[in-house]
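Single-structure report; data block below.
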Amino acid sequence: MAKEITPRAENYSQWYNDIVVKADLAEQSAVRGCMVIKPYGYAIWEKMQSILDKAFKETGVQNAYFPLFIPKSFFSREAEHVAGFAKECAVVTHHRLMNDPYGKGVVVDPEARLEEELIVRPTSETIIWSVYKNWIKSWRDLPILCNQWCNVVRWEMRTRPFLRTAEFLWQEGHTAHATAEEAQAKAEQMVQVYAKFARETMAMPVIVGHKSPNERFAGALDTLTIEAMMQDGKALQAGTSHFLGQNFAKSFEVQFADKEGGLQYVWATSWGVSTRLMGALIMAHSDDNGLVLPPALAPIQVVMVPIYKTDEERDAVLAKFEAIGKALEAKGVSVKIDSRDTLRPGFKFAEWEAKGVPVRIALGARDLAAGTVEVARRDTLEKATVSLEGVDAYIEDLLGKVQQNIYDKALAFRDANIRKCDDWEEFKTEIQKGGFLLCHWDGTAETEQAIKDETKATIRCIPVDSCVCEEEGKDIYSGKPSKGRVVFAIAY
RNA sequence: CGGGGUGUAGCGCAGUUGGUAGCGCAUCUGGUUUGGGACCAGAGGGUCGCAUGUUCGAGUCAUGUCACCCCGACCA
């Protein structure tokens with residue numbers, strides 16, 4: 001039977017890890033802080049990639065690829081940027097191994113030291129801007145709209161599967177524009193692409209907003225974010241889009257000749273989402289039976305489990321499944337017939353539920369005689385007996401309902417856990433319960449830091465699309481005047 | 001890097017006062033089963049993280065060391 005997850009359970013961390021293992025998404029690797037993404041988990045990531053990639057291209061973005069290694073000197077050019085990443089970089093210092101002269105095994109050849117160390121990219125702004133310098137001469141070369149799908153490495157002190165791994169997969173878009181307005185608009189456009197993807201594909205409600213100066217990306221003038229709420233009430237930053245101003249252009253001397261014959265620095269953006277989205281997906285929707293996948297991201301949308309006693313029954317059921325499968329595939333639905341002969345139906349039900357397959361159909365001799373089929377949906381765990389006639393249309397419709405229901409459920413949960421708060425003492429206890437608190441903030445970094453030090457809560461964002469936040473008030477901590485409410489939460 | 005914890009079969013664990021290395025799951029064989037994680041019978045599988053010490057004898061005691069996990073600080 002359905003077991004609801006207990007929000008904000010003590011063992012939430014364990015619950016999350018269990019889902020990752022039970023759904024066969026990933027496993028811990030022998031390499032520190034890195035994980036192995038297994039085929040099923042990777043298939044979900046591939047679906048995310050293809051949908052995002054299409055959305056990017058619709059905005060005029062093209063894919064490209066830049067080097068994994070970045071010469072150390074590139075990092076010294078943008079001081080603020082390097083300050084944000086220096087503490088977590090993997091550094092290549094040598095290029096050769098040799099047999100250990102004193103014993104077995106292999107050691108680094110001390111003769112093979114690199115003249116200049118190479119940094120394994122933690123993000124590619126520096127290498128890309130060193131390349132863009134050569135691409136950009138004239139206003140006619142702009143805008144440049146490139147994205148790359150790649151891996152990056154950040155030597156985090158503490159890691160968690162998908163949410164924070166030493167190596168992770170992501171996309172990073174880097175654009176160059178002639179004007180500040182155009183760049184700012186691009187940054188806003190891309191954060192809306194992410195928000196649409198989160199809501200419509202991941203079935204995950206998000207709040208779009210600006211980061212406070214403290215929480216901004218290193219080197220950015222403005223950072224836009226999508227903030228999601230996990231089932232334990234904690235916030236998760238699911239994607240960011242940065243307006244970089246002319247900082248990188250100036251550091252890497254990227255200038256263009258404008259229409260008036262003058263020389264100007266270009267304006268830049270960068271934006272990215274990572275395999276952290278997988279973590280968001282897991283924590284936003286899963287229950288105690290395992291993963292719950294929105295149909296739009298499910299590698300298998302419909303699984304078919306045959307029930308039989310004899311070979312004749314088996315053949316009859318599988319033949320029927322083939323027919324239903326063809327009809328569904330014609331509608332663009334991905335199906336899987338679980339014809340494994342060594343496992344019992346009950347085992348298969350549990351296994352596919354753990355993997356989050358949105359719809360399961362079961363068919364046995366009893367159904368064949370009655371002309372019916374059992375259809376079960378993963379989100380509610382409800383089962384229905386429907387006519388075999390037109391079952392493909394029924395399922396196509398059901399998939400849409402499941403997608404919508406998963407979103408509605410997540411939205412209802414989030415909205416139930418967003419509340420206004422105007423009293424500091426109340427804030428201190430309320431924030432520990434999880435959820436988002438809408439509070440007045442005086443706009444100073446000092447207040448933000450003081451609140452963080454006392455409660456661990458951070459300003460997740462200053463919402464751009466929520467009118468409730470635009471009202472006069474007094475800062476929750478300092479009591480100074482405030483122009484609007486911001487979102488406070490404890491975050492992953 | 002601070003605070004806590006764990007290392008014993010593929011996974012999860014027990015192992016008492018130091019005295020033949022155990023259990024559950026998984027795997028393999030055979031049979032019966034199959035509409036919600038099957039059952040019976042049998043079998044295989046271990047350098048007890050590593051090193052040193054104490055001892056007639058160490059999974060167990062001591063010292064050291066390594067690895068991993070959890071909680072912080074840092075972060076997508």
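Residues are referred to by chain and number: the chain letter is A, B, ... according to the order shown in the structure tokens, the number counts from 1 in that chain, and ligands are numbered separately from 1 in the order shown.
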
Do you have, as CSV, the list of residues of chain B lying at most 9 Å from chain A, each with its nearest atom pair and that distance in Å to one decimal, counting only C-alpha atoms (C1' of nucleotides) and ordered by chain then number?
residue,atom,partner,partner_atom,distance
B:U34,C1',A:Arg344,CA,5.5
B:G35,C1',A:Ile307,CA,6.9
B:G36,C1',A:Gly346,CA,4.3
B:G37,C1',A:Phe347,CA,4.3
B:A38,C1',A:Arg344,CA,7.8
B:C74,C1',A:Met157,CA,7.0
B:C75,C1',A:Glu156,CA,7.0
B:A76,C1',A:Ser274,CA,6.6

- Query: Tell me, which residues of segment 251-363 of chain A carry DSSP alpha helix (DSSP H), written as an MDAnalysis selection string?
  - Reply: chainID A and resid 251 276:285 311:330 345:354

Please produce a file of those selected residues containing C-alpha atoms, as a PDB file, in the first residue's frame.
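Saved the output as part-v1.pdb:
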ATOM      1  CA  SER A 251      39.580  41.098 -17.828  1.00  0.00           C
ATOM      2  CA  ARG A 276      21.647  18.571  -9.592  1.00  0.00           C
ATOM      3  CA  LEU A 277      18.297  18.719 -11.395  1.00  0.00           C
ATOM      4  CA  MET A 278      18.241  14.958 -10.946  1.00  0.00           C
ATOM      5  CA  GLY A 279      18.516  15.508  -7.222  1.00  0.00           C
ATOM      6  CA  ALA A 280      15.736  18.064  -7.357  1.00  0.00           C
ATOM      7  CA  LEU A 281      13.533  15.639  -9.274  1.00  0.00           C
ATOM      8  CA  ILE A 282      14.102  12.890  -6.726  1.00  0.00           C
ATOM      9  CA  MET A 283      13.532  15.060  -3.668  1.00  0.00           C
ATOM     10  CA  ALA A 284      10.539  16.906  -5.071  1.00  0.00           C
ATOM     11  CA  HIS A 285       8.373  13.923  -5.991  1.00  0.00           C
ATOM     12  CA  ASP A 311       2.886 -20.988 -21.841  1.00  0.00           C
ATOM     13  CA  GLU A 312      -0.345 -20.552 -23.796  1.00  0.00           C
ATOM     14  CA  GLU A 313      -1.530 -17.838 -21.451  1.00  0.00           C
ATOM     15  CA  ARG A 314       1.866 -16.188 -21.592  1.00  0.00           C
ATOM     16  CA  ASP A 315       1.858 -16.123 -25.396  1.00  0.00           C
ATOM     17  CA  ALA A 316      -1.687 -14.738 -25.499  1.00  0.00           C
ATOM     18  CA  VAL A 317      -0.894 -11.970 -22.996  1.00  0.00           C
ATOM     19  CA  LEU A 318       2.376 -11.002 -24.675  1.00  0.00           C
ATOM     20  CA  ALA A 319       0.673 -10.876 -28.067  1.00  0.00           C
ATOM     21  CA  LYS A 320      -1.898  -8.489 -26.645  1.00  0.00           C
ATOM     22  CA  PHE A 321       0.884  -6.388 -25.092  1.00  0.00           C
ATOM     23  CA  GLU A 322       2.644  -6.178 -28.440  1.00  0.00           C
ATOM     24  CA  ALA A 323      -0.531  -4.780 -29.977  1.00  0.00           C
ATOM     25  CA  ILE A 324      -1.103  -2.254 -27.181  1.00  0.00           C
ATOM     26  CA  GLY A 325       2.591  -1.314 -27.308  1.00  0.00           C
ATOM     27  CA  LYS A 326       2.445  -0.593 -31.025  1.00  0.00           C
ATOM     28  CA  ALA A 327      -0.620   1.579 -30.580  1.00  0.00           C
ATOM     29  CA  LEU A 328       1.034   3.512 -27.766  1.00  0.00           C
ATOM     30  CA  GLU A 329       4.309   3.948 -29.621  1.00  0.00           C
ATOM     31  CA  ALA A 330       2.333   5.354 -32.530  1.00  0.00           C
ATOM     32  CA  PRO A 345       4.394 -10.157 -10.943  1.00  0.00           C
ATOM     33  CA  GLY A 346       4.450  -8.726  -7.419  1.00  0.00           C
ATOM     34  CA  PHE A 347       8.208  -8.355  -7.563  1.00  0.00           C
ATOM     35  CA  LYS A 348       7.978  -6.580 -10.903  1.00  0.00           C
ATOM     36  CA  PHE A 349       5.300  -4.203  -9.615  1.00  0.00           C
ATOM     37  CA  ALA A 350       7.514  -3.168  -6.729  1.00  0.00           C
ATOM     38  CA  GLU A 351      10.589  -2.833  -8.910  1.00  0.00           C
ATOM     39  CA  TRP A 352       8.969  -0.588 -11.516  1.00  0.00           C
ATOM     40  CA  GLU A 353       7.399   1.511  -8.802  1.00  0.00           C
ATOM     41  CA  ALA A 354      10.823   2.050  -7.285  1.00  0.00           C
TER      42      ALA A 354
END

- Interatomic distance between atom CA of Lys474 of chain A and atom CA of Val206 of chain A?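 Pair atom CA of Lys474 of chain A / atom CA of Val206 of chain A returns 26.0 Å.
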
- For G46 of chain B, which residue out of B:G22, B:G31, B:G12, B:G72 is the nearest one, using only C-alpha atoms (C1' of nucleotides)?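 The closest residue to G46 of chain B is B:G22.
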